[in-house]
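Visitor: For reference, this is entry-v1.pdb, and it has PDB, C-alpha atoms.
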```
ATOM      1  CA  MET A 298     -46.012   5.946 -16.416
ATOM      2  CA  LYS A 299     -44.746   5.242 -12.881
ATOM      3  CA  THR A 300     -43.611   1.777 -13.993
ATOM      4  CA  LEU A 301     -41.634   3.289 -16.865
ATOM      5  CA  ILE A 302     -39.906   5.751 -14.516
ATOM      6  CA  VAL A 303     -38.979   2.956 -12.083
ATOM      7  CA  ILE A 304     -37.573   0.831 -14.923
ATOM      8  CA  LEU A 305     -35.559   3.757 -16.328
ATOM      9  CA  ALA A 306     -34.245   4.628 -12.857
ATOM     10  CA  GLY A 307     -33.192   1.002 -12.431
ATOM     11  CA  PHE A 308     -31.248   1.084 -15.702
ATOM     12  CA  LEU A 309     -29.493   4.272 -14.606
ATOM     13  CA  ILE A 310     -28.707   3.226 -11.015
ATOM     14  CA  PHE A 311     -27.815  -0.464 -11.526
ATOM     15  CA  PRO A 312     -24.593   0.219 -13.484
ATOM     16  CA  LEU A 313     -23.441   2.586 -10.742
ATOM     17  CA  LEU A 314     -24.086  -0.006  -8.044
ATOM     18  CA  THR A 315     -22.330  -2.701 -10.068
ATOM     19  CA  TRP A 316     -19.283  -0.472 -10.572
ATOM     20  CA  ALA A 317     -19.148   0.338  -6.851
ATOM     21  CA  ASP A 318     -19.317  -3.345  -5.920
ATOM     22  CA  SER A 319     -16.882  -4.750  -8.459
ATOM     23  CA  GLY A 320     -14.093  -2.170  -8.553
ATOM     24  CA  PRO A 321     -12.652  -0.968  -5.266
ATOM     25  CA  ASN A 322     -13.285  -4.118  -3.231
ATOM     26  CA  ASP A 323     -11.284  -6.333  -5.600
ATOM     27  CA  PHE A 324      -8.037  -4.337  -5.349
ATOM     28  CA  GLN A 325      -5.309  -6.648  -4.014
ATOM     29  CA  LEU A 326      -1.679  -6.497  -2.942
ATOM     30  CA  SER A 327       0.452  -9.624  -2.651
ATOM     31  CA  SER A 328       4.102 -10.642  -2.690
ATOM     32  CA  THR A 329       6.076 -13.449  -4.244
ATOM     33  CA  ALA A 330       8.364 -13.337  -1.179
ATOM     34  CA  PHE A 331       5.794 -14.075   1.558
ATOM     35  CA  ASP A 332       2.109 -14.781   2.068
ATOM     36  CA  ASN A 333      -0.271 -12.518   3.960
ATOM     37  CA  GLY A 334       0.305 -13.061   7.697
ATOM     38  CA  ALA A 335       3.542 -15.006   7.153
ATOM     39  CA  ALA A 336       7.155 -14.230   8.035
ATOM     40  CA  ILE A 337       9.107 -11.845   5.827
ATOM     41  CA  PRO A 338      12.323 -13.557   4.639
ATOM     42  CA  LYS A 339      15.567 -12.264   6.162
ATOM     43  CA  LYS A 340      16.706 -11.078   2.715
ATOM     44  CA  TYR A 341      14.209  -8.188   2.941
ATOM     45  CA  THR A 342      15.234  -7.069   6.456
ATOM     46  CA  CYS A 343      18.108  -5.147   8.020
ATOM     47  CA  ASP A 344      19.606  -8.529   8.952
ATOM     48  CA  GLY A 345      19.782  -9.453   5.255
ATOM     49  CA  GLY A 346      19.983  -7.407   2.064
ATOM     50  CA  ASP A 347      17.536  -4.717   3.291
ATOM     51  CA  ILE A 348      15.831  -4.605  -0.134
ATOM     52  CA  ASN A 349      12.140  -4.333  -0.887
ATOM     53  CA  PRO A 350      10.337  -7.564  -1.759
ATOM     54  CA  THR A 351       8.518  -8.038  -5.045
ATOM     55  CA  LEU A 352       4.946  -6.757  -4.708
ATOM     56  CA  ILE A 353       2.034  -7.453  -7.046
ATOM     57  CA  PHE A 354      -1.039  -5.269  -7.610
ATOM     58  CA  LYS A 355      -4.198  -6.964  -8.867
ATOM     59  CA  ASN A 356      -7.501  -5.456  -9.953
ATOM     60  CA  VAL A 357      -6.417  -1.825  -9.837
ATOM     61  CA  PRO A 358      -9.652   0.172 -10.316
ATOM     62  CA  ALA A 359     -10.096   1.538 -13.837
ATOM     63  CA  LYS A 360     -10.320   5.177 -12.740
ATOM     64  CA  THR A 361      -7.019   5.085 -10.854
ATOM     65  CA  ARG A 362      -4.658   7.941 -11.758
ATOM     66  CA  SER A 363      -1.838   6.973  -9.372
ATOM     67  CA  LEU A 364      -0.941   4.500  -6.649
ATOM     68  CA  ALA A 365       0.648   5.037  -3.246
ATOM     69  CA  LEU A 366       2.346   2.488  -1.009
ATOM     70  CA  THR A 367       3.347   2.664   2.637
ATOM     71  CA  VAL A 368       5.079   0.149   4.877
ATOM     72  CA  SER A 369       4.864   0.570   8.634
ATOM     73  CA  ASP A 370       5.447  -1.294  11.890
ATOM     74  CA  PRO A 371       2.674  -0.703  14.452
ATOM     75  CA  ASP A 372       4.542  -2.789  17.072
ATOM     76  CA  ALA A 373       7.548  -0.473  17.373
ATOM     77  CA  PRO A 374       8.182   0.784  20.927
ATOM     78  CA  GLU A 375       8.010   4.402  19.652
ATOM     79  CA  GLY A 376       4.601   3.845  18.053
ATOM     80  CA  ILE A 377       3.922   3.404  14.336
ATOM     81  CA  TRP A 378       7.296   3.352  12.552
ATOM     82  CA  SER A 379       7.468   3.979   8.815
ATOM     83  CA  HIS A 380       9.713   1.817   6.644
ATOM     84  CA  TRP A 381       8.758   2.987   3.156
ATOM     85  CA  VAL A 382       6.668   5.800   1.729
ATOM     86  CA  VAL A 383       6.116   5.822  -2.038
ATOM     87  CA  TYR A 384       3.555   7.805  -4.030
ATOM     88  CA  ASN A 385       2.754   8.789  -7.623
ATOM     89  CA  ILE A 386       3.317   5.220  -8.756
ATOM     90  CA  SER A 387       1.967   4.670 -12.269
ATOM     91  CA  PRO A 388      -1.555   3.198 -12.239
ATOM     92  CA  ASN A 389      -0.378   0.725 -14.892
ATOM     93  CA  THR A 390       2.073  -0.832 -12.428
ATOM     94  CA  GLN A 391       1.283  -4.501 -11.936
ATOM     95  CA  GLU A 392       4.472  -5.461 -10.150
ATOM     96  CA  ILE A 393       7.158  -3.752  -8.100
ATOM     97  CA  ILE A 394      10.265  -5.855  -8.605
ATOM     98  CA  GLU A 395      12.517  -6.376  -5.600
ATOM     99  CA  ASN A 396      15.139  -3.721  -4.983
ATOM    100  CA  THR A 397      13.478  -1.087  -7.198
ATOM    101  CA  ASN A 398      11.950   2.348  -6.720
ATOM    102  CA  PRO A 399       8.483   2.478  -8.315
ATOM    103  CA  GLY A 400       7.618   6.147  -7.750
ATOM    104  CA  THR A 401       8.398   9.228  -5.682
ATOM    105  CA  GLU A 402       9.761   8.248  -2.289
ATOM    106  CA  GLY A 403       8.984  10.076   0.917
ATOM    107  CA  LEU A 404      10.963  10.142   4.140
ATOM    108  CA  SER A 405      10.839   7.041   6.357
ATOM    109  CA  ASP A 406      11.365   7.127  10.113
ATOM    110  CA  PHE A 407      14.881   5.821   9.427
ATOM    111  CA  GLY A 408      15.599   9.183   7.762
ATOM    112  CA  LYS A 409      15.896   7.444   4.384
ATOM    113  CA  TYR A 410      14.221   8.003   1.016
ATOM    114  CA  THR A 411      14.330   4.305   0.178
ATOM    115  CA  TYR A 412      12.917   1.076   1.518
ATOM    116  CA  ALA A 413      14.155   0.195   5.007
ATOM    117  CA  GLY A 414      13.350  -3.402   5.867
ATOM    118  CA  PRO A 415      12.061  -4.820   9.122
ATOM    119  CA  CYS A 416      14.542  -4.121  11.888
ATOM    120  CA  PRO A 417      12.869  -4.434  15.280
ATOM    121  CA  ALA A 418      14.710  -2.946  18.239
ATOM    122  CA  ASP A 419      13.606  -5.853  20.431
ATOM    123  CA  GLU A 420      13.213  -9.612  20.060
ATOM    124  CA  LYS A 421       9.406  -9.536  19.991
ATOM    125  CA  PRO A 422       7.507 -10.425  16.799
ATOM    126  CA  HIS A 423       6.537  -7.342  14.791
ATOM    127  CA  HIS A 424       3.889  -6.891  12.099
ATOM    128  CA  TYR A 425       4.716  -4.963   8.938
ATOM    129  CA  ILE A 426       1.750  -3.498   7.106
ATOM    130  CA  PHE A 427       2.181  -2.919   3.369
ATOM    131  CA  ARG A 428      -0.726  -0.614   2.396
ATOM    132  CA  ALA A 429      -1.545   0.194  -1.204
ATOM    133  CA  PHE A 430      -3.881   3.007  -2.204
ATOM    134  CA  ALA A 431      -5.533   3.459  -5.604
ATOM    135  CA  LEU A 432      -5.982   7.202  -6.052
ATOM    136  CA  ASN A 433      -8.175   9.331  -8.287
ATOM    137  CA  ASP A 434      -5.388  11.881  -8.805
ATOM    138  CA  ILE A 435      -1.645  12.394  -8.746
ATOM    139  CA  LEU A 436      -0.483  13.666  -5.349
ATOM    140  CA  TYR A 437       0.879  17.194  -5.194
ATOM    141  CA  ILE A 438       2.395  17.415  -1.732
ATOM    142  CA  ASN A 439       5.340  19.103  -0.056
ATOM    143  CA  GLU A 440       8.813  17.844  -0.854
ATOM    144  CA  ASP A 441      10.137  15.089   1.449
ATOM    145  CA  PRO A 442       6.760  14.004   2.876
ATOM    146  CA  THR A 443       6.554  11.700   5.872
ATOM    147  CA  LEU A 444       4.172   8.779   6.339
ATOM    148  CA  ALA A 445       1.682  11.029   8.159
ATOM    149  CA  GLU A 446       1.739  13.611   5.355
ATOM    150  CA  VAL A 447       1.197  11.015   2.619
ATOM    151  CA  GLU A 448      -1.592   9.330   4.610
ATOM    152  CA  LYS A 449      -3.283  12.726   5.019
ATOM    153  CA  ALA A 450      -2.915  13.488   1.302
ATOM    154  CA  VAL A 451      -4.405  10.162   0.165
ATOM    155  CA  ARG A 452      -7.524  10.447   2.381
ATOM    156  CA  SER A 453      -9.492  12.601  -0.043
ATOM    157  CA  HIS A 454      -8.261  10.766  -3.163
ATOM    158  CA  THR A 455      -8.584   7.081  -2.248
ATOM    159  CA  ILE A 456     -10.707   4.966  -4.589
ATOM    160  CA  ALA A 457      -9.606   1.674  -3.046
ATOM    161  CA  LYS A 458      -7.199   0.451  -0.400
ATOM    162  CA  THR A 459      -5.668  -2.943   0.307
ATOM    163  CA  GLU A 460      -2.999  -4.317   2.580
ATOM    164  CA  LEU A 461      -0.557  -7.149   2.994
ATOM    165  CA  VAL A 462       0.843  -8.001   6.426
ATOM    166  CA  GLY A 463       4.151  -9.724   7.069
ATOM    167  CA  THR A 464       5.902 -10.520  10.328
ATOM    168  CA  TYR A 465       9.508 -10.489  11.454
ATOM    169  CA  GLN A 466      11.252 -11.318  14.704
ATOM    170  CA  LYS A 467      14.947 -10.868  15.458
ATOM    171  CA  LEU A 468      16.511 -13.967  16.877
ATOM    172  CA  PRO A 469      18.621 -13.670  20.035
ATOM    173  CA  PHE A 470      22.356 -13.828  19.463
TER     174      PHE A 470
END
```
For the structure just supplied, provide its representation as structure tokens.

Guide:
Amino acid sequence: MKTLIVILAGFLIFPLLTWADSGPNDFQLSSTAFDNGAAIPKKYTCDGGDINPTLIFKNVPAKTRSLALTVSDPDAPEGIWSHWVVYNISPNTQEIIENTNPGTEGLSDFGKYTYAGPCPADEKPHHYIFRAFALNDILYINEDPTLAEVEKAVRSHTIAKTELVGTYQKLPF
């Protein structure tokens, strides 16, 4: 009888373990404009067209109800500086095409409700972290949320998280 219980427990638990291992950890974010850790082309910065690059989501977990995306610069002299805050992106989104708005946009530290490309105040290299969150619900948050408010809201709803890092450095004139 004990053997039967162990076998039945194994059949019940194994699918849960398999789901936990294969879903959230496979979630990926990439770009056709730059590779992870590489320089972001000028076109996507304040020195160029200041438009968002194309971004690609892969392996979005099956139970995702919405996606959120943030872009921030941790190297800014003022501390973490937000460049783009987007939430309630459709979970069926596989690609965000350049220069488009994929969801509800929050307020960046530039005071804008759109993408604001890399624009360092100094000539040092800066890192830009594109973070994508797969969420188990649609976010219901205050109007005009900031990066901090969206990050707080996603904490209790995140199924999976992934990031893509690009760099940019202003050249001296």

Visitor: Check the smallest atom-to-atom distance from each of A:Pro338, A:Pro374, A:Pro415, A:Pro399 to Ile353 of chain A using only C-alpha atoms, then report the winner.

Guide: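 With only C-alpha atoms as the atom set, the closest residue is A:Pro399.
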
Visitor: Separation of atom CA of Leu404 of chain A and atom CA of Leu461 of chain A, in Å?

Guide: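 Calculated distance between atom CA of Leu404 of chain A and atom CA of Leu461 of chain A is 20.8 Å.
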
Visitor: Give the answer as one residue: which of A:Ile348, A:Ala445, A:Ile337, A:Ile456 has the shortest atom-to-atom distance to Asn433 of chain A, using all atoms listed in the file?

Guide: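 Once distances to Asn433 of chain A are computed over all atoms listed in the file, the minimum belongs to A:Ile456.
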
Visitor: Within 7 Å of (12.2, -3.9, 8.5) (file coordinates; all atoms listed in the file), which protein or nucleic acid residues are there? I'd like them as a PDB file with C-alpha atoms, in the coordinates of the input.

Guide:
```
ATOM      1  CA  THR A 342      15.234  -7.069   6.456  1.00  0.00           C
ATOM      2  CA  CYS A 343      18.108  -5.147   8.020  1.00  0.00           C
ATOM      3  CA  HIS A 380       9.713   1.817   6.644  1.00  0.00           C
ATOM      4  CA  ALA A 413      14.155   0.195   5.007  1.00  0.00           C
ATOM      5  CA  GLY A 414      13.350  -3.402   5.867  1.00  0.00           C
ATOM      6  CA  PRO A 415      12.061  -4.820   9.122  1.00  0.00           C
ATOM      7  CA  CYS A 416      14.542  -4.121  11.888  1.00  0.00           C
ATOM      8  CA  PRO A 417      12.869  -4.434  15.280  1.00  0.00           C
TER       9      PRO A 417
END
```

Visitor: Find the residues near Asp406 of chain A: any atom within 10 Å, counting all atoms listed in the file, skip ones fewer than 6 places away on the same chain, and give them as a VMD selection string.

Guide: chain A and resid 369 377 to 382 413 443 to 444

Visitor: Compare A:Lys355, A:His454, A:Lys340, A:Lys467 by their minimum atom-to-atom distance to Lys421 of chain A, counting only C-alpha atoms, and give me the closest one.

Guide: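 The answer is A:Lys467, which sits nearest to Lys421 of chain A.
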
Visitor: I would like the residues chosen by the PyMOL selection byres ((chain A and resi 426) around 8) on the shown file; could you give them as a PyMOL selection string?

Guide: chain A and resi 367-371+424-425+427-428+460-463

Visitor: Output C-alpha atoms for every residue in that selection, as a compact mmCIF listing (two decimals), in the frame of the given file.

Guide:
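Okay, again16.txt is ready:
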```txt
# COMPACT_ATOMS: atom_id res chain seq x y z
CA THR A 367 3.35 2.66 2.64
CA VAL A 368 5.08 0.15 4.88
CA SER A 369 4.86 0.57 8.63
CA ASP A 370 5.45 -1.29 11.89
CA PRO A 371 2.67 -0.70 14.45
CA HIS A 424 3.89 -6.89 12.10
CA TYR A 425 4.72 -4.96 8.94
CA PHE A 427 2.18 -2.92 3.37
CA ARG A 428 -0.73 -0.61 2.40
CA GLU A 460 -3.00 -4.32 2.58
CA LEU A 461 -0.56 -7.15 2.99
CA VAL A 462 0.84 -8.00 6.43
CA GLY A 463 4.15 -9.72 7.07
```

Visitor: Ranking A:Pro388, A:Pro442, A:Pro469, A:Gly408 by minimum distance to Lys360 of chain A and counting all atoms listed in the file, which one comes first?

Guide: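 So, comparing all the options, the nearest one is A:Pro388.
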
Visitor: Name the residues that the PyMOL selection byres ((chain A and resi 431) around 8) pulls out of this structure, and write them as JSON, numbers by chain.

Guide: {"A": [357, 358, 361, 362, 363, 364, 365, 388, 429, 430, 432, 433, 455, 456, 457, 458]}

Visitor: Pick the closest to Asn333 of chain A from A:Val451, A:Val383, A:Ile394, A:Leu352: which is it, counting all atoms listed in the file?

Guide: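 Residue with the minimum atom-to-atom distance to Asn333 of chain A: A:Leu352.
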
Visitor: To one decimal place, how far is atom CA of Gly376 of chain A from atom CA of Ser405 of chain A in Å?

Guide: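 Separation of atom CA of Gly376 of chain A and atom CA of Ser405 of chain A: 13.6 Å.
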
Visitor: Work out how far apart atom CA of Ala359 of chain A and atom CA of Ala450 of chain A are and give it in Å to one decimal.

Guide: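 About the pair atom CA of Ala359 of chain A and atom CA of Ala450 of chain A: they are 20.6 Å apart.
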
Visitor: Of the residues A:Asn356, A:Tyr384, A:Asn349, A:Phe324, which is the one nearest to Asn396 of chain A, using all atoms listed in the file?

Guide: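 Among the listed residues, A:Asn349 lies closest to Asn396 of chain A.
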
Visitor: Kindly write C-alpha atoms of segment 315-406 of chain A from the structure just given to a file, as a PDB file, in the first residue's frame.

Guide:
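To be explicit, this is the file written out as part_8.pdb:
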```pdb
ATOM      1  CA  THR A 315       8.198  19.812 -14.704  1.00  0.00           C
ATOM      2  CA  TRP A 316       5.962  22.850 -15.236  1.00  0.00           C
ATOM      3  CA  ALA A 317       7.975  24.885 -12.720  1.00  0.00           C
ATOM      4  CA  ASP A 318      11.251  23.971 -14.420  1.00  0.00           C
ATOM      5  CA  SER A 319      10.230  24.417 -18.040  1.00  0.00           C
ATOM      6  CA  GLY A 320       8.057  27.536 -17.983  1.00  0.00           C
ATOM      7  CA  PRO A 321       9.359  30.593 -16.171  1.00  0.00           C
ATOM      8  CA  ASN A 322      13.075  29.958 -16.667  1.00  0.00           C
ATOM      9  CA  ASP A 323      12.790  29.855 -20.466  1.00  0.00           C
ATOM     10  CA  PHE A 324      11.227  33.322 -20.832  1.00  0.00           C
ATOM     11  CA  GLN A 325      13.525  35.449 -23.013  1.00  0.00           C
ATOM     12  CA  LEU A 326      13.805  39.007 -24.284  1.00  0.00           C
ATOM     13  CA  SER A 327      16.011  39.907 -27.239  1.00  0.00           C
ATOM     14  CA  SER A 328      16.340  42.608 -29.876  1.00  0.00           C
ATOM     15  CA  THR A 329      17.047  42.657 -33.576  1.00  0.00           C
ATOM     16  CA  ALA A 330      18.880  45.971 -33.031  1.00  0.00           C
ATOM     17  CA  PHE A 331      21.571  44.809 -30.571  1.00  0.00           C
ATOM     18  CA  ASP A 332      22.796  41.733 -28.734  1.00  0.00           C
ATOM     19  CA  ASN A 333      22.752  41.321 -24.967  1.00  0.00           C
ATOM     20  CA  GLY A 334      25.690  43.294 -23.530  1.00  0.00           C
ATOM     21  CA  ALA A 335      26.365  45.126 -26.808  1.00  0.00           C
ATOM     22  CA  ALA A 336      26.070  48.786 -27.784  1.00  0.00           C
ATOM     23  CA  ILE A 337      22.643  50.199 -28.578  1.00  0.00           C
ATOM     24  CA  PRO A 338      22.705  51.801 -32.059  1.00  0.00           C
ATOM     25  CA  LYS A 339      22.530  55.606 -32.152  1.00  0.00           C
ATOM     26  CA  LYS A 340      19.168  55.400 -33.952  1.00  0.00           C
ATOM     27  CA  TYR A 341      17.527  54.349 -30.660  1.00  0.00           C
ATOM     28  CA  THR A 342      19.088  57.134 -28.547  1.00  0.00           C
ATOM     29  CA  CYS A 343      18.532  60.851 -28.022  1.00  0.00           C
ATOM     30  CA  ASP A 344      21.430  61.427 -30.435  1.00  0.00           C
ATOM     31  CA  GLY A 345      19.484  59.626 -33.178  1.00  0.00           C
ATOM     32  CA  GLY A 346      15.785  59.029 -33.787  1.00  0.00           C
ATOM     33  CA  ASP A 347      14.980  58.402 -30.087  1.00  0.00           C
ATOM     34  CA  ILE A 348      12.679  55.487 -31.009  1.00  0.00           C
ATOM     35  CA  ASN A 349      12.328  52.157 -29.260  1.00  0.00           C
ATOM     36  CA  PRO A 350      14.188  49.220 -30.800  1.00  0.00           C
ATOM     37  CA  THR A 351      12.410  46.083 -31.950  1.00  0.00           C
ATOM     38  CA  LEU A 352      12.094  43.665 -29.022  1.00  0.00           C
ATOM     39  CA  ILE A 353      11.244  39.966 -29.190  1.00  0.00           C
ATOM     40  CA  PHE A 354       9.609  37.854 -26.471  1.00  0.00           C
ATOM     41  CA  LYS A 355      10.247  34.109 -26.526  1.00  0.00           C
ATOM     42  CA  ASN A 356       8.750  31.353 -24.398  1.00  0.00           C
ATOM     43  CA  VAL A 357       6.150  33.481 -22.641  1.00  0.00           C
ATOM     44  CA  PRO A 358       4.724  31.211 -19.904  1.00  0.00           C
ATOM     45  CA  ALA A 359       1.340  29.710 -20.775  1.00  0.00           C
ATOM     46  CA  LYS A 360      -0.450  31.186 -17.756  1.00  0.00           C
ATOM     47  CA  THR A 361       0.604  34.754 -18.547  1.00  0.00           C
ATOM     48  CA  ARG A 362      -2.287  37.242 -18.538  1.00  0.00           C
ATOM     49  CA  SER A 363      -0.216  40.349 -19.339  1.00  0.00           C
ATOM     50  CA  LEU A 364       3.350  41.515 -19.854  1.00  0.00           C
ATOM     51  CA  ALA A 365       5.188  44.534 -18.474  1.00  0.00           C
ATOM     52  CA  LEU A 366       8.387  46.127 -19.743  1.00  0.00           C
ATOM     53  CA  THR A 367      10.710  48.647 -18.136  1.00  0.00           C
ATOM     54  CA  VAL A 368      13.883  50.281 -19.399  1.00  0.00           C
ATOM     55  CA  SER A 369      16.232  51.914 -16.918  1.00  0.00           C
ATOM     56  CA  ASP A 370      19.769  53.253 -16.583  1.00  0.00           C
ATOM     57  CA  PRO A 371      21.417  52.273 -13.277  1.00  0.00           C
ATOM     58  CA  ASP A 372      24.539  54.328 -14.133  1.00  0.00           C
ATOM     59  CA  ALA A 373      22.808  57.719 -14.139  1.00  0.00           C
ATOM     60  CA  PRO A 374      24.337  60.240 -11.706  1.00  0.00           C
ATOM     61  CA  GLU A 375      20.900  60.694 -10.055  1.00  0.00           C
ATOM     62  CA  GLY A 376      20.518  56.955  -9.452  1.00  0.00           C
ATOM     63  CA  ILE A 377      18.302  54.587 -11.441  1.00  0.00           C
ATOM     64  CA  TRP A 378      16.756  56.590 -14.298  1.00  0.00           C
ATOM     65  CA  SER A 379      13.683  55.268 -16.087  1.00  0.00           C
ATOM     66  CA  HIS A 380      13.474  55.476 -19.875  1.00  0.00           C
ATOM     67  CA  TRP A 381      10.303  53.499 -20.573  1.00  0.00           C
ATOM     68  CA  VAL A 382       7.522  52.025 -18.474  1.00  0.00           C
ATOM     69  CA  VAL A 383       4.930  49.890 -20.267  1.00  0.00           C
ATOM     70  CA  TYR A 384       2.389  47.503 -18.750  1.00  0.00           C
ATOM     71  CA  ASN A 385      -0.739  45.548 -19.708  1.00  0.00           C
ATOM     72  CA  ILE A 386       0.942  44.361 -22.886  1.00  0.00           C
ATOM     73  CA  SER A 387      -0.987  41.489 -24.465  1.00  0.00           C
ATOM     74  CA  PRO A 388       0.428  38.087 -23.465  1.00  0.00           C
ATOM     75  CA  ASN A 389       0.209  37.089 -27.138  1.00  0.00           C
ATOM     76  CA  THR A 390       2.789  39.732 -28.065  1.00  0.00           C
ATOM     77  CA  GLN A 391       5.811  38.109 -29.665  1.00  0.00           C
ATOM     78  CA  GLU A 392       7.421  41.258 -30.996  1.00  0.00           C
ATOM     79  CA  ILE A 393       7.374  44.966 -30.231  1.00  0.00           C
ATOM     80  CA  ILE A 394       8.201  46.656 -33.516  1.00  0.00           C
ATOM     81  CA  GLU A 395      10.445  49.709 -33.383  1.00  0.00           C
ATOM     82  CA  ASN A 396       8.733  53.029 -32.791  1.00  0.00           C
ATOM     83  CA  THR A 397       5.486  51.504 -31.476  1.00  0.00           C
ATOM     84  CA  ASN A 398       3.538  51.550 -28.226  1.00  0.00           C
ATOM     85  CA  PRO A 399       2.678  47.986 -27.159  1.00  0.00           C
ATOM     86  CA  GLY A 400       0.559  48.699 -24.071  1.00  0.00           C
ATOM     87  CA  THR A 401      -0.256  51.267 -21.404  1.00  0.00           C
ATOM     88  CA  GLU A 402       2.672  53.603 -20.859  1.00  0.00           C
ATOM     89  CA  GLY A 403       3.695  54.975 -17.498  1.00  0.00           C
ATOM     90  CA  LEU A 404       5.702  58.086 -16.726  1.00  0.00           C
ATOM     91  CA  SER A 405       9.460  57.972 -17.366  1.00  0.00           C
ATOM     92  CA  ASP A 406      11.970  60.116 -15.496  1.00  0.00           C
TER      93      ASP A 406
END
```
